[in-house]
Structures are given as C-alpha cells and as structure tokens.
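Structure data (mmCIF, C-alpha atoms and all ligand atoms) from model_32.cif:
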```cif
data_protein
#
loop_
_atom_site.label_atom_id
_atom_site.label_comp_id
_atom_site.auth_asym_id
_atom_site.auth_seq_id
_atom_site.Cartn_x
_atom_site.Cartn_y
_atom_site.Cartn_z
CA MET L 1 12.97 11.93 -18.19
CA ASP L 2 15.24 8.98 -18.64
CA PHE L 3 13.85 5.81 -17.16
CA THR L 4 16.82 3.65 -18.11
CA LEU L 5 17.29 1.61 -14.97
CA SER L 6 20.67 1.71 -13.24
CA GLU L 7 22.63 -1.44 -12.41
CA GLU L 8 21.47 -1.11 -8.81
CA GLN L 9 17.81 -0.71 -9.81
CA LEU L 10 18.03 -3.74 -12.10
CA MET L 11 19.50 -5.77 -9.23
CA ILE L 12 16.68 -4.74 -6.88
CA GLN L 13 14.09 -5.59 -9.51
CA GLN L 14 15.69 -9.01 -10.03
CA ALA L 15 15.96 -9.65 -6.28
CA ALA L 16 12.26 -8.89 -5.83
CA LYS L 17 11.36 -11.08 -8.83
CA ASP L 18 13.43 -14.00 -7.48
CA PHE L 19 11.97 -13.62 -4.00
CA ALA L 20 8.44 -13.53 -5.39
CA GLN L 21 9.00 -16.64 -7.55
CA ASN L 22 10.89 -18.67 -4.97
CA GLU L 23 9.32 -17.63 -1.69
CA LEU L 24 5.93 -16.05 -2.37
CA LEU L 25 4.57 -18.21 -5.18
CA PRO L 26 4.67 -21.48 -3.20
CA GLY L 27 1.67 -21.38 -0.89
CA VAL L 28 0.09 -18.21 -2.30
CA ILE L 29 -3.21 -19.98 -3.04
CA GLU L 30 -3.32 -21.58 0.43
CA ARG L 31 -2.49 -18.28 2.14
CA ASP L 32 -5.34 -16.64 0.22
CA GLU L 33 -7.72 -19.42 1.30
CA THR L 34 -6.68 -19.49 4.94
CA GLN L 35 -6.16 -15.73 5.25
CA THR L 36 -2.68 -16.19 6.67
CA PHE L 37 0.80 -14.82 6.06
CA PRO L 38 3.66 -16.42 7.98
CA TRP L 39 5.87 -14.05 9.95
CA GLU L 40 8.97 -15.84 8.52
CA LEU L 41 8.13 -14.37 5.09
CA VAL L 42 7.96 -10.86 6.56
CA GLN L 43 11.35 -11.46 8.19
CA LYS L 44 12.82 -12.64 4.88
CA MET L 45 11.55 -9.49 3.16
CA GLY L 46 13.20 -7.53 5.97
CA GLU L 47 16.49 -9.36 5.44
CA LEU L 48 16.37 -8.45 1.75
CA GLY L 49 15.88 -4.79 2.69
CA PHE L 50 12.30 -4.53 1.37
CA MET L 51 10.72 -3.26 4.59
CA GLY L 52 12.60 0.04 4.81
CA MET L 53 13.67 0.64 1.24
CA MET L 54 13.71 4.45 1.28
CA VAL L 55 14.94 4.84 4.87
CA ASN L 56 18.42 6.22 5.42
CA GLU L 57 21.00 3.53 6.19
CA LYS L 58 21.78 5.17 9.52
CA TYR L 59 18.30 4.08 10.69
CA GLY L 60 18.70 0.56 9.31
CA GLY L 61 17.06 1.22 5.95
CA SER L 62 18.25 0.43 2.43
CA GLY L 63 18.80 4.09 1.50
CA LEU L 64 17.21 3.71 -1.93
CA GLY L 65 14.96 5.97 -4.00
CA THR L 66 11.25 5.74 -4.72
CA LEU L 67 11.90 4.31 -8.20
CA SER L 68 13.68 1.31 -6.66
CA TYR L 69 10.78 0.92 -4.26
CA VAL L 70 8.17 0.85 -7.04
CA LEU L 71 10.25 -1.65 -9.01
CA ALA L 72 10.23 -4.00 -6.02
CA MET L 73 6.53 -3.36 -5.40
CA GLU L 74 5.67 -4.27 -8.98
CA GLU L 75 7.58 -7.55 -8.85
CA LEU L 76 6.16 -8.63 -5.47
CA SER L 77 2.63 -7.71 -6.59
CA LYS L 78 2.96 -9.80 -9.76
CA ILE L 79 2.78 -12.81 -7.46
CA ASP L 80 1.29 -11.83 -4.11
CA ALA L 81 -0.52 -8.54 -3.49
CA SER L 82 -1.06 -9.51 0.15
CA ALA L 83 2.69 -9.45 0.70
CA SER L 84 3.14 -6.22 -1.20
CA VAL L 85 0.53 -4.27 0.77
CA MET L 86 2.41 -5.09 3.98
CA VAL L 87 5.57 -3.80 2.31
CA SER L 88 3.81 -0.71 1.02
CA VAL L 89 2.21 0.34 4.30
CA ASN L 90 5.41 -0.23 6.25
CA ASN L 91 7.56 1.64 3.72
CA SER L 92 5.55 4.56 2.49
CA LEU L 93 3.14 5.28 5.30
CA VAL L 94 4.92 4.23 8.49
CA CYS L 95 8.68 4.50 7.82
CA TRP L 96 8.46 7.50 5.51
CA GLY L 97 6.14 9.34 7.92
CA LEU L 98 8.42 8.71 10.88
CA GLU L 99 11.64 9.50 9.06
CA THR L 100 10.28 12.72 7.56
CA TYR L 101 8.39 14.13 10.54
CA GLY L 102 9.50 12.16 13.62
CA THR L 103 11.89 13.36 16.31
CA GLU L 104 15.36 11.88 16.60
CA GLU L 105 14.21 9.93 19.68
CA GLN L 106 11.20 8.52 17.80
CA LYS L 107 13.45 7.47 14.92
CA GLU L 108 15.92 5.78 17.28
CA LYS L 109 13.18 4.02 19.19
CA TYR L 110 10.87 2.93 16.37
CA LEU L 111 12.23 3.56 12.88
CA THR L 112 15.41 1.53 13.32
CA ARG L 113 13.36 -1.59 14.07
CA LEU L 114 10.65 -0.89 11.49
CA ALA L 115 13.11 -0.31 8.66
CA THR L 116 14.81 -3.67 9.14
CA GLY L 117 11.54 -5.59 9.36
CA GLU L 118 12.29 -6.64 12.94
CA ILE L 119 8.82 -5.25 13.62
CA ILE L 120 6.22 -3.78 11.30
CA GLY L 121 3.86 -0.85 11.55
CA ALA L 122 0.30 0.19 10.73
CA PHE L 123 -1.25 3.49 9.65
CA CYS L 124 -4.57 4.21 11.33
CA LEU L 125 -6.72 6.90 9.74
CA SER L 126 -9.98 5.26 8.59
CA GLU L 127 -12.92 5.03 10.96
CA PRO L 128 -16.44 3.60 10.73
CA GLU L 129 -17.66 7.09 9.74
CA ALA L 130 -14.46 8.66 8.38
CA GLY L 131 -13.15 6.86 5.32
CA SER L 132 -13.00 9.23 2.36
CA ASP L 133 -14.05 12.17 4.54
CA ALA L 134 -10.88 11.96 6.58
CA THR L 135 -11.29 15.25 8.48
CA SER L 136 -14.38 13.81 10.25
CA GLN L 137 -12.25 11.98 12.80
CA LYS L 138 -14.27 10.77 15.79
CA THR L 139 -11.33 9.21 17.62
CA THR L 140 -10.22 11.67 20.28
CA ALA L 141 -6.81 12.38 21.77
CA ILE L 142 -7.48 14.66 24.73
CA ASP L 143 -4.51 16.65 25.99
CA LYS L 144 -3.85 15.70 29.63
CA GLY L 145 -0.57 17.54 30.12
CA ASP L 146 2.15 14.91 29.83
CA HIS L 147 0.02 12.50 27.79
CA TYR L 148 -2.98 12.20 25.47
CA LEU L 149 -6.00 10.12 26.40
CA LEU L 150 -6.96 8.21 23.28
CA ASN L 151 -10.51 6.92 22.69
CA GLY L 152 -12.18 5.61 19.57
CA THR L 153 -12.24 2.96 16.85
CA LYS L 154 -10.21 2.57 13.66
CA ASN L 155 -11.35 0.36 10.78
CA TRP L 156 -9.80 -1.79 8.03
CA ILE L 157 -6.28 -1.40 9.37
CA THR L 158 -3.64 -3.19 7.30
CA ASN L 159 -1.13 -5.09 9.51
CA GLY L 160 -3.73 -4.59 12.27
CA ASN L 161 -2.65 -7.49 14.48
CA ILE L 162 0.90 -8.24 13.35
CA ALA L 163 2.08 -4.65 13.78
CA GLU L 164 3.90 -3.49 16.91
CA VAL L 165 3.77 0.24 16.13
CA TYR L 166 0.64 2.16 15.08
CA LEU L 167 0.49 5.70 13.74
CA VAL L 168 -2.95 6.81 14.92
CA ILE L 169 -4.71 9.95 13.70
CA ALA L 170 -7.06 11.46 16.29
CA ARG L 171 -8.84 14.68 17.13
CA THR L 172 -7.62 16.84 20.00
CA ASP L 173 -9.66 20.00 19.45
CA ARG L 174 -13.00 19.89 17.64
CA GLU L 175 -13.18 23.70 17.31
CA LYS L 176 -10.04 23.80 15.19
CA GLY L 177 -11.31 21.52 12.38
CA HIS L 178 -8.49 19.77 10.53
CA ARG L 179 -5.95 21.82 12.51
CA GLY L 180 -7.17 20.17 15.73
CA ILE L 181 -5.99 16.68 14.67
CA ASN L 182 -2.82 14.91 15.89
CA ALA L 183 -0.82 11.86 14.81
CA LEU L 184 0.31 9.67 17.72
CA ILE L 185 2.61 6.67 17.93
CA VAL L 186 0.82 3.89 19.79
CA GLU L 187 2.52 0.67 20.82
CA LYS L 188 0.88 -2.74 20.86
CA GLY L 189 0.16 -3.73 24.45
CA MET L 190 -0.59 -0.22 25.74
CA GLU L 191 -3.34 -0.52 28.34
CA GLY L 192 -6.80 -0.01 26.84
CA PHE L 193 -5.69 -0.84 23.26
CA ASP L 194 -7.62 -3.82 21.83
CA ILE L 195 -7.56 -5.45 18.43
CA GLY L 196 -10.77 -6.72 16.81
CA PRO L 197 -11.14 -9.98 14.84
CA LYS L 198 -9.53 -10.35 11.41
CA GLU L 199 -11.71 -9.09 8.55
CA ASN L 200 -12.90 -11.79 6.12
CA LYS L 201 -12.07 -10.06 2.83
CA LEU L 202 -12.79 -10.38 -0.90
CA GLY L 203 -9.13 -9.95 -1.83
CA ILE L 204 -5.61 -9.49 -0.44
CA ARG L 205 -6.77 -12.16 1.98
CA GLY L 206 -3.26 -12.96 3.17
CA SER L 207 -2.89 -9.45 4.55
CA ASP L 208 -3.84 -8.87 8.14
CA THR L 209 -6.78 -6.44 8.40
CA HIS L 210 -8.45 -5.56 11.70
CA SER L 211 -10.43 -2.93 13.58
CA LEU L 212 -8.65 -1.32 16.50
CA MET L 213 -10.28 -0.10 19.69
CA PHE L 214 -8.80 2.52 22.01
CA ASN L 215 -10.33 2.92 25.43
CA ASP L 216 -8.61 5.52 27.63
CA VAL L 217 -5.18 4.67 26.21
CA LYS L 218 -2.51 6.92 27.73
CA VAL L 219 -0.14 7.97 24.96
CA PRO L 220 2.91 9.94 26.15
CA LYS L 221 3.26 13.45 24.71
CA GLU L 222 6.66 12.56 23.24
CA ASN L 223 4.79 10.13 20.94
CA ARG L 224 3.09 12.93 19.02
CA ILE L 225 4.45 13.38 15.49
CA GLY L 226 5.14 17.01 14.60
CA GLU L 227 3.64 20.13 16.14
CA ASP L 228 0.27 20.16 17.89
CA GLY L 229 -2.42 20.07 15.16
CA PHE L 230 -0.16 18.68 12.43
CA GLY L 231 -1.92 15.28 12.31
CA PHE L 232 -4.20 15.85 9.31
CA LYS L 233 -1.43 17.31 7.17
CA PHE L 234 0.80 14.46 8.30
CA ALA L 235 -1.82 12.01 7.03
CA MET L 236 -2.27 13.83 3.71
CA LYS L 237 1.44 14.21 3.03
CA THR L 238 2.11 10.60 3.95
CA LEU L 239 -0.77 9.32 1.81
CA ALA L 240 0.46 11.34 -1.17
CA GLY L 241 3.55 9.10 -1.25
CA GLY L 242 1.63 6.00 -0.17
CA ARG L 243 -0.48 6.29 -3.29
CA ILE L 244 2.64 5.83 -5.43
CA GLY L 245 3.23 2.52 -3.64
CA ILE L 246 -0.36 1.38 -4.20
CA ALA L 247 -0.14 2.48 -7.84
CA ALA L 248 2.91 0.22 -8.17
CA GLN L 249 0.98 -2.59 -6.49
CA ALA L 250 -1.86 -2.14 -9.00
CA LEU L 251 0.67 -2.12 -11.84
CA GLY L 252 2.12 -5.40 -10.56
CA ILE L 253 -1.31 -7.03 -10.30
CA ALA L 254 -2.05 -5.97 -13.90
CA ALA L 255 1.33 -7.16 -15.17
CA GLY L 256 1.05 -10.46 -13.28
CA ALA L 257 -2.41 -11.17 -14.69
CA TYR L 258 -1.30 -10.16 -18.19
CA GLU L 259 1.78 -12.41 -18.13
CA LEU L 260 -0.37 -15.40 -17.16
CA ALA L 261 -2.93 -14.59 -19.85
CA LEU L 262 -0.22 -14.20 -22.50
CA LYS L 263 1.35 -17.56 -21.61
CA TYR L 264 -2.00 -19.33 -21.49
CA SER L 265 -3.11 -17.90 -24.83
CA LYS L 266 -0.03 -19.39 -26.51
CA GLU L 267 -0.70 -22.85 -25.03
CA ARG L 268 -4.46 -23.27 -25.05
CA LYS L 269 -5.93 -24.45 -28.33
CA ALA L 270 -9.44 -23.83 -29.66
CA PHE L 271 -10.80 -24.21 -33.18
CA GLY L 272 -7.58 -25.91 -34.24
CA THR L 273 -5.06 -23.28 -33.15
CA GLU L 274 -3.62 -21.55 -30.09
CA ILE L 275 -6.16 -19.01 -28.87
CA ALA L 276 -3.59 -16.19 -29.26
CA ASN L 277 -4.04 -16.66 -33.01
CA HIS L 278 -7.66 -15.57 -32.74
CA GLN L 279 -7.94 -11.84 -33.14
CA ALA L 280 -10.50 -11.66 -30.33
CA ILE L 281 -7.76 -12.75 -27.92
CA ALA L 282 -4.83 -11.01 -29.64
CA PHE L 283 -6.61 -7.65 -29.42
CA LYS L 284 -7.32 -8.15 -25.75
CA LEU L 285 -3.60 -8.79 -25.20
CA ALA L 286 -2.72 -5.70 -27.25
CA ASP L 287 -5.02 -3.53 -25.11
CA MET L 288 -3.66 -4.99 -21.89
CA HIS L 289 -0.05 -4.48 -22.93
CA THR L 290 -0.64 -0.87 -23.99
CA LYS L 291 -2.52 0.11 -20.86
CA ILE L 292 0.02 -1.55 -18.57
CA GLN L 293 2.84 0.37 -20.24
CA ALA L 294 0.89 3.62 -19.87
CA ALA L 295 0.28 2.83 -16.19
CA ARG L 296 3.98 2.01 -15.72
CA ASN L 297 4.95 5.39 -17.19
CA LEU L 298 2.64 7.18 -14.74
CA VAL L 299 3.99 5.16 -11.81
CA TYR L 300 7.62 5.80 -12.78
CA GLN L 301 6.91 9.49 -13.34
CA SER L 302 5.40 9.93 -9.89
CA ALA L 303 8.34 8.07 -8.32
CA TRP L 304 10.72 10.26 -10.34
CA ASP L 305 8.87 13.39 -9.14
CA LYS L 306 9.29 12.26 -5.54
CA ASP L 307 12.97 11.41 -6.01
CA ASN L 308 13.65 14.75 -7.70
CA GLY L 309 12.00 16.99 -5.14
CA ASN L 310 9.00 17.85 -7.34
CA ASP L 311 5.46 17.94 -6.03
CA TYR L 312 4.08 14.42 -6.43
CA THR L 313 0.55 14.75 -5.05
CA LEU L 314 -0.94 15.13 -8.54
CA SER L 315 1.25 12.59 -10.35
CA GLY L 316 0.81 10.05 -7.52
CA ALA L 317 -2.98 10.44 -7.61
CA MET L 318 -3.03 10.06 -11.41
CA ALA L 319 -0.79 6.99 -11.20
CA LYS L 320 -3.00 5.37 -8.57
CA LEU L 321 -6.24 6.22 -10.36
CA TYR L 322 -5.09 4.88 -13.70
CA ALA L 323 -3.02 1.89 -12.56
CA SER L 324 -5.85 0.64 -10.34
CA GLU L 325 -8.32 0.86 -13.24
CA VAL L 326 -5.87 -1.01 -15.45
CA ALA L 327 -5.37 -3.64 -12.73
CA MET L 328 -9.11 -4.27 -12.50
CA GLU L 329 -9.67 -4.34 -16.27
CA THR L 330 -6.64 -6.49 -16.97
CA ALA L 331 -7.45 -9.01 -14.26
CA ILE L 332 -11.03 -9.37 -15.55
CA GLU L 333 -9.75 -9.90 -19.09
CA ALA L 334 -7.15 -12.39 -17.88
CA VAL L 335 -9.96 -14.46 -16.32
CA GLN L 336 -11.91 -14.18 -19.59
CA ILE L 337 -8.93 -15.37 -21.65
CA HIS L 338 -8.52 -18.35 -19.31
CA GLY L 339 -12.22 -19.23 -19.79
CA GLY L 340 -13.40 -21.95 -17.39
CA ASN L 341 -9.88 -22.37 -16.05
CA GLY L 342 -9.85 -18.71 -15.09
CA PHE L 343 -12.67 -19.40 -12.68
CA VAL L 344 -10.73 -21.93 -10.64
CA LYS L 345 -8.11 -21.04 -8.09
CA ASP L 346 -5.20 -23.08 -9.49
CA TYR L 347 -4.75 -20.67 -12.37
CA HIS L 348 -4.22 -17.62 -10.10
CA VAL L 349 -6.07 -15.08 -12.27
CA GLU L 350 -9.29 -15.16 -10.22
CA ARG L 351 -7.16 -14.12 -7.20
CA PHE L 352 -5.70 -11.22 -9.21
CA MET L 353 -9.25 -10.16 -10.06
CA ARG L 354 -10.26 -10.16 -6.39
CA ASP L 355 -7.01 -8.49 -5.27
CA ALA L 356 -7.23 -5.76 -7.92
CA LYS L 357 -10.45 -4.33 -6.49
CA ILE L 358 -8.91 -2.96 -3.30
CA THR L 359 -6.43 -0.84 -5.26
CA GLN L 360 -9.42 1.27 -6.36
CA ILE L 361 -10.45 1.71 -2.73
CA TYR L 362 -7.63 1.97 -0.19
CA GLU L 363 -5.33 4.94 0.33
CA GLY L 364 -8.07 7.01 -1.26
CA THR L 365 -10.79 5.65 -3.55
CA SER L 366 -10.73 6.41 -7.29
CA GLU L 367 -13.31 9.12 -6.60
CA ILE L 368 -10.97 10.71 -4.01
CA GLN L 369 -8.09 10.61 -6.52
CA LYS L 370 -10.36 12.50 -8.94
CA ILE L 371 -10.99 15.13 -6.23
CA VAL L 372 -7.23 15.50 -5.72
CA ILE L 373 -6.56 15.65 -9.49
CA SER L 374 -9.41 18.03 -10.33
CA ARG L 375 -8.58 20.41 -7.46
CA SER L 376 -4.99 20.48 -8.61
CA ILE L 377 -5.74 21.23 -12.26
CA LEU L 378 -8.45 23.74 -11.40
CA THR L 379 -6.29 25.75 -9.02
CA ASP L 380 -3.21 25.84 -11.26
N1 LIG Z 1 -0.37 17.61 1.25
C1 LIG Z 1 -0.33 18.57 2.21
N2 LIG Z 1 -1.45 19.16 2.71
C2 LIG Z 1 -2.63 18.75 2.23
C3 LIG Z 1 -2.74 17.76 1.24
C4 LIG Z 1 -1.54 17.18 0.76
N3 LIG Z 1 -1.56 16.21 -0.19
N4 LIG Z 1 -4.05 17.56 0.98
C5 LIG Z 1 -4.74 18.41 1.78
N5 LIG Z 1 -3.88 19.12 2.53
C6 LIG Z 1 -4.18 20.17 3.50
C7 LIG Z 1 -4.89 21.35 2.85
O1 LIG Z 1 -3.97 22.28 2.30
C8 LIG Z 1 -5.66 21.94 4.01
O2 LIG Z 1 -4.80 22.71 4.81
P1 LIG Z 1 -4.98 24.34 4.93
O3 LIG Z 1 -6.40 24.59 5.37
O4 LIG Z 1 -3.96 24.73 5.94
O5 LIG Z 1 -4.70 24.87 3.56
C9 LIG Z 1 -6.02 20.71 4.83
O6 LIG Z 1 -5.09 19.66 4.48
C10 LIG Z 1 -7.44 20.23 4.58
O7 LIG Z 1 -7.53 19.97 3.19
P2 LIG Z 1 -8.90 19.97 2.41
O8 LIG Z 1 -9.70 21.20 2.73
O9 LIG Z 1 -8.60 19.71 0.97
O10 LIG Z 1 -9.64 18.73 3.09
P3 LIG Z 1 -10.92 17.94 2.65
O11 LIG Z 1 -11.76 17.68 3.85
O12 LIG Z 1 -11.59 18.61 1.47
O13 LIG Z 1 -10.33 16.49 2.23
C11 LIG Z 1 -9.39 14.87 0.78
C12 LIG Z 1 -9.43 16.33 1.23
C13 LIG Z 1 -8.37 14.83 -0.35
C14 LIG Z 1 -10.73 14.39 0.26
C15 LIG Z 1 -8.92 13.98 1.98
O14 LIG Z 1 -9.89 13.92 2.99
C16 LIG Z 1 -8.55 12.59 1.56
O15 LIG Z 1 -7.47 12.34 1.02
N6 LIG Z 1 -9.42 11.58 1.84
C17 LIG Z 1 -9.10 10.19 1.60
C18 LIG Z 1 -8.46 9.57 2.79
C19 LIG Z 1 -7.72 8.32 2.46
O16 LIG Z 1 -6.92 8.25 1.55
N7 LIG Z 1 -7.94 7.27 3.27
C20 LIG Z 1 -7.24 6.08 3.12
C21 LIG Z 1 -7.02 5.43 4.44
S1 LIG Z 1 -5.39 4.91 4.75
C22 LIG Z 1 -5.24 3.36 4.07
O17 LIG Z 1 -6.01 2.93 3.26
C23 LIG Z 1 -4.02 2.67 4.51
C24 LIG Z 1 -4.00 1.20 4.43
O18 LIG Z 1 -4.09 0.52 5.44
C25 LIG Z 1 -3.72 0.57 3.13
#
```
Show me, as structure tokens, the structure contained in the file I just sent.
Ligand code: CAA
Amino acid sequence: MDFTLSEEQLMIQQAAKDFAQNELLPGVIERDETQTFPWELVQKMGELGFMGMMVNEKYGGSGLGTLSYVLAMEELSKIDASASVMVSVNNSLVCWGLETYGTEEQKEKYLTRLATGEIIGAFCLSEPEAGSDATSQKTTAIDKGDHYLLNGTKNWITNGNIAEVYLVIARTDREKGHRGINALIVEKGMEGFDIGPKENKLGIRGSDTHSLMFNDVKVPKENRIGEDGFGFKFAMKTLAGGRIGIAAQALGIAAGAYELALKYSKERKAFGTEIANHQAIAFKLADMHTKIQAARNLVYQSAWDKDNGNDYTLSGAMAKLYASEVAMETAIEAVQIHGGNGFVKDYHVERFMRDAKITQIYEGTSEIQKIVISRSILTD
C-alpha cells in the first residue's frame, strides 16, 4: 500500500483544513452551547463539494474516492465534529446507499439534490428498543399494494429536523426475520410524519438529533430501495462504509485535541520551564502521537480497501473501534495537559472530550465492532 497522497488529495485536504479554520472555528463554542448549526454553513460545505464527495459527477457529486473523503472528514473533525457528522451521514449513509442501490428515478429525484448539499438526508435505523440489536425493528411498513403504510418511532436520528430525505428501515413481514425488512425513502412533510424535539446531548451538540414518529405514513412503492426484503442488508452494507467515515471523524477529534495539547505544552510554563520539557507531559504526547498515527493507518487502509474493491467490513470495523478509543483517550489526556484551562470551554479540549464519546457509540458501538471483527476472524 502506498499512501502517498496525490495532488488532488492534497488539495482536498487543504480545502477542508482552510474551511474548518476560516468558517467552522469562529462560533464553534457558541454553536456547541446553543445546540445550533446554521444552514448557511451546510450550503458552503455543499458548494465546496463536501456533501456528495464519492457520488458520480453525473448526479452532482464530486466523483472522488473514499480516501479523499476521509481526508476531508479528518480536517473538518479537527475543528467541529458536529459539522463532520452531518457530512458523514449525508455522504456515506444516504448518498452512498442511494447511489449504490437506488433506481435511476430515485437517483434523479433525490441523489442529485443530496450530493450538492441543496438538501441533506438522514439514515433511520435505531429505535427505542432496537439500537445494537438492529434486526429487532418494531417500525412496520405494511404492504398495501401501491404503497407501504409506515408506523413506528425512530430514535437519535442525525440531521433529524434539517433533513428533507429520510432512509427509513422498517419491518414488512415479521415471519421472515431480517429478510422481512425494507428500506424506504420518506420525504419531510409526508402526512403522518412528525419530528420530535431536539435531543439535549453531551457532545456533538451542534448536530441536529431528533426522534421521528410515523403514523400511517403512505410511502409509495417506488420509494423502496432494492428488492422486497433487502432493507436489513441495505442497512448493514451502508453502515460498513459509514463506519469508515466515523473512524475518520474519531481520528480528526484525536488529532485536533493532540495539536492543541502539543501547542499548549510548548507555551505553558511550570516549575521554571515549558511543561513539554517535563517527561510526564512529553510521554503523554509521545503516546498520543503514536496512537493517532496507528489509527490513521487503519482509517486509510479501510478507505483503500473500499476504493480498491476489497471487502471493507472488517477493516472499517477495526478502524472505527480503534480510532474511537484513541479519540476518547487523546481528548482526556489533552484536557489533563491543559490542567485547569482544559476544564473551561475557551480552550476547546473539553468539547473534544465530550464529542469523542459518541464515536464509540453511533454507527455501531465498540462492542458491536468487536462482534463484527470476531465473527470475521473466526469464520475465516
Ligand atoms: N454486509 C452485508 N450483509 C451483512 C452484513 C454486512 N456488513 N452484516 C450482516 N449481514 C447479513 C448477514 O449475512 C445475514 O444475512 P444472511 O442470513 O442472508 O446470511 C443478515 O445480514 C443478518 O446478519 P446477522 O445474523 O449477523 O445479524 P445479527 O442480528 O447477528 O446482527 C449486527 C449483526 C452486526 C450485530 C448488526 O445488528 C449491527 O450492525 N448492529 C448495530 C447497528 C448499528 O450500527 N446501528 C447504528 C445506527 S445508525 C447511526 O448511528 C447513524 C447516525 O445517525 C450517525
């Protein structure tokens, strides 16, 4: 594997870094406090091509590979993980799912607008009683001939209120187990579709997380993705790639926290010298740097697997598992290195610590990644 970045990849990385510094950094603390994210920033990310990075240009996307996508994700996440989760869900769950498994009509109608950032999408799998155990879907999509009648509740949905298009996983036939589940495209404003209040979260507070309620929503048959009963596999295949995006987000959180800790340790003095000169701090920085590089290698490898047509379920799960652990550890150590200053919001690292936690939970908890990894190595 040669991870020397091409001119194009370096340009994308730089564009994401500049955008993060110039547009995301101002106001990031206020957005975290007020749990807001202005739509203008989503539009700007769309204009830069970040909302449909891997989508073919004929559908309005940037036509880039997964490696370019993770480079952008890392840079955005170094500053604002709330922004990057919106990018990740739209790119790897919604756009990728539609482009790979949608019909031509679905792509024309939805993907072209999602890939440019004109609108954004949400991926709706989790339920009050079906988080990790994703086959236990209680939401039903009953076949009524020319449409499905959708009923149920979805929880913790990223982009819950700002999205226009929702990919909803629901059960059509209980007898058939996971083969009785479908994935449906639901539009905001469909009769019987209601959005619950915004969740008041520990981290990624700028991102828009809601419950969704479906009460006799009529979803046209042409909005089903794939064959009847393909919904669970659709969710699993989509999440396998989504996990690479979240791994890159975790990597960015770790790298962002580390960079702040490194800078601070060269400025802050204690016992007559910069704290970086104390081995207690220098060793922490050495550990952080090593683990971040190891996480980066796993993230790049899983992106490379996806770009080269290899199976990426295992490498994506390993990348997410490890990078999210490194994000959490690094952010905690960055707060420690900042001492009292680390505990106040102006220094950013406490936000990284809160934001890091969700990377160990969403798109499959660390425990779920270990199920995926152990099943893979035990069946090989
Ligand atoms: N690719 C293709 N097919 C897959 C697959 C994959 N990666 N993983 C499983 N499948 C298939 C299996 O082959 C099987 O099909 P067959 O019977 O035809 O062989 C079928 O799916 C069922 O698989 P399992 O028997 O392995 O199912 P399980 O009940 O044991 O569950 C699991 C497996 C890995 C634990 C799964 O339930 C899982 O991933 N859970 C976590 C769900 C998750 O990630 N939720 C996150 C919510 S989305 C989110 O967070 C988005 C956001 O807003 C940020």
Query - Shell of 8 Å around stretch 233-250 of chain L, only C-alpha atoms, local chain residues under 2 positions omitted, as a PyMOL selection string - result: chain L and resi 69-71+73-74+77+81+84-85+88-89+92-93+96-97+101+125+169+183+230-231+252-254+296+299+302-303+306+312-313+316-317+319-321+323-324+326-327+356+359+363-364
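Taking atom CA of L:Gly160 and atom CA of L:Thr140 as the two end points, the separation is 19.3 Å.
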Report task. Would you list the residues near (-5.8, -23.2, -25.8), meaning any protein, DNA or RNA residue with an atom at most 12 Å from that point in file coordinates, counting all atoms listed in the file, as a list of chain:residue names? Result ->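 With a cut-off of 12 Å, the residues come to L:Ala261, L:Leu262, L:Lys263, L:Tyr264, L:Ser265, L:Lys266, L:Glu267, L:Arg268, L:Lys269, L:Ala270, L:Phe271, L:Gly272, L:Thr273, L:Glu274, L:Ile275, L:Ala276, L:Asn277, L:His278, L:Ile281, L:Ile337, L:His338, L:Gly339, L:Gly340, L:Asn341.
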Report task. Would you mind telling me which residue in L:Val219, L:Met288, L:Ile185, L:Val168 lies nearest to ligand LIG 1 (chain Z) when using all atoms listed in the file? Result ->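 Closest residue, counting all atoms listed in the file: L:Val168.
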Report task. Using all atoms listed in the file, determine which residues lie at most 8 Å from L:Ile29, disregarding the query and same-chain residues fewer than 3 positions distant; provide the list as a ChimeraX atom specification. Result -> /L:32-33,345-346,348
**Report entry** Contacts of L:Thr112 at 8 Å (all atoms listed in the file; same-chain gap of 6+ positions) as an MDAnalysis selection string
**Finding:** chainID L and resid 59:61
Query - Long-range neighbours of L:Glu7 as a ChimeraX atom specification, 12 Å cut-off, all atoms listed in the file, 6 positions minimum in chain - result: /L:13-14,68
Report summary line: ligand LIG 1 (chain Z) proximity check over L:Ser136, L:Thr100, L:Asn223, L:Gln43, using all atoms listed in the file: winner is L:Ser136
**Report entry** Interatomic distance, atom CA of L:Leu98 to atom CA of L:Met51 (Å, one decimal)
**Finding:**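 Distance between the two atoms: 13.7 Å.
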Kindly write stretch 234-260 of chain L with C-alpha atoms to a file, as a compact mmCIF listing (two decimals), in the first residue's frame.
```
# COMPACT_ATOMS: atom_id res chain seq x y z
CA PHE L 234 -29.02 -2.44 2.82
CA ALA L 235 -28.52 -1.10 6.36
CA MET L 236 -25.57 -3.42 7.07
CA LYS L 237 -23.81 -2.73 3.79
CA THR L 238 -24.33 1.00 4.14
CA LEU L 239 -23.12 1.03 7.74
CA ALA L 240 -19.99 -0.91 6.79
CA GLY L 241 -18.88 2.13 4.77
CA GLY L 242 -20.37 4.61 7.23
CA ARG L 243 -18.05 3.26 9.90
CA ILE L 244 -15.05 4.35 7.83
CA GLY L 245 -16.43 7.90 7.92
CA ILE L 246 -16.96 7.80 11.69
CA ALA L 247 -13.47 6.33 12.12
CA ALA L 248 -12.13 9.34 10.22
CA GLN L 249 -14.20 11.63 12.43
CA ALA L 250 -12.71 9.99 15.54
CA LEU L 251 -9.23 10.35 14.03
CA GLY L 252 -9.87 14.06 13.46
CA ILE L 253 -11.10 14.57 17.03
CA ALA L 254 -7.95 12.85 18.33
CA ALA L 255 -5.66 14.83 16.03
CA GLY L 256 -7.40 18.12 16.87
CA ALA L 257 -7.09 17.53 20.61
CA TYR L 258 -3.46 16.44 20.24
CA GLU L 259 -2.49 19.51 18.20
CA LEU L 260 -3.95 21.80 20.86
```
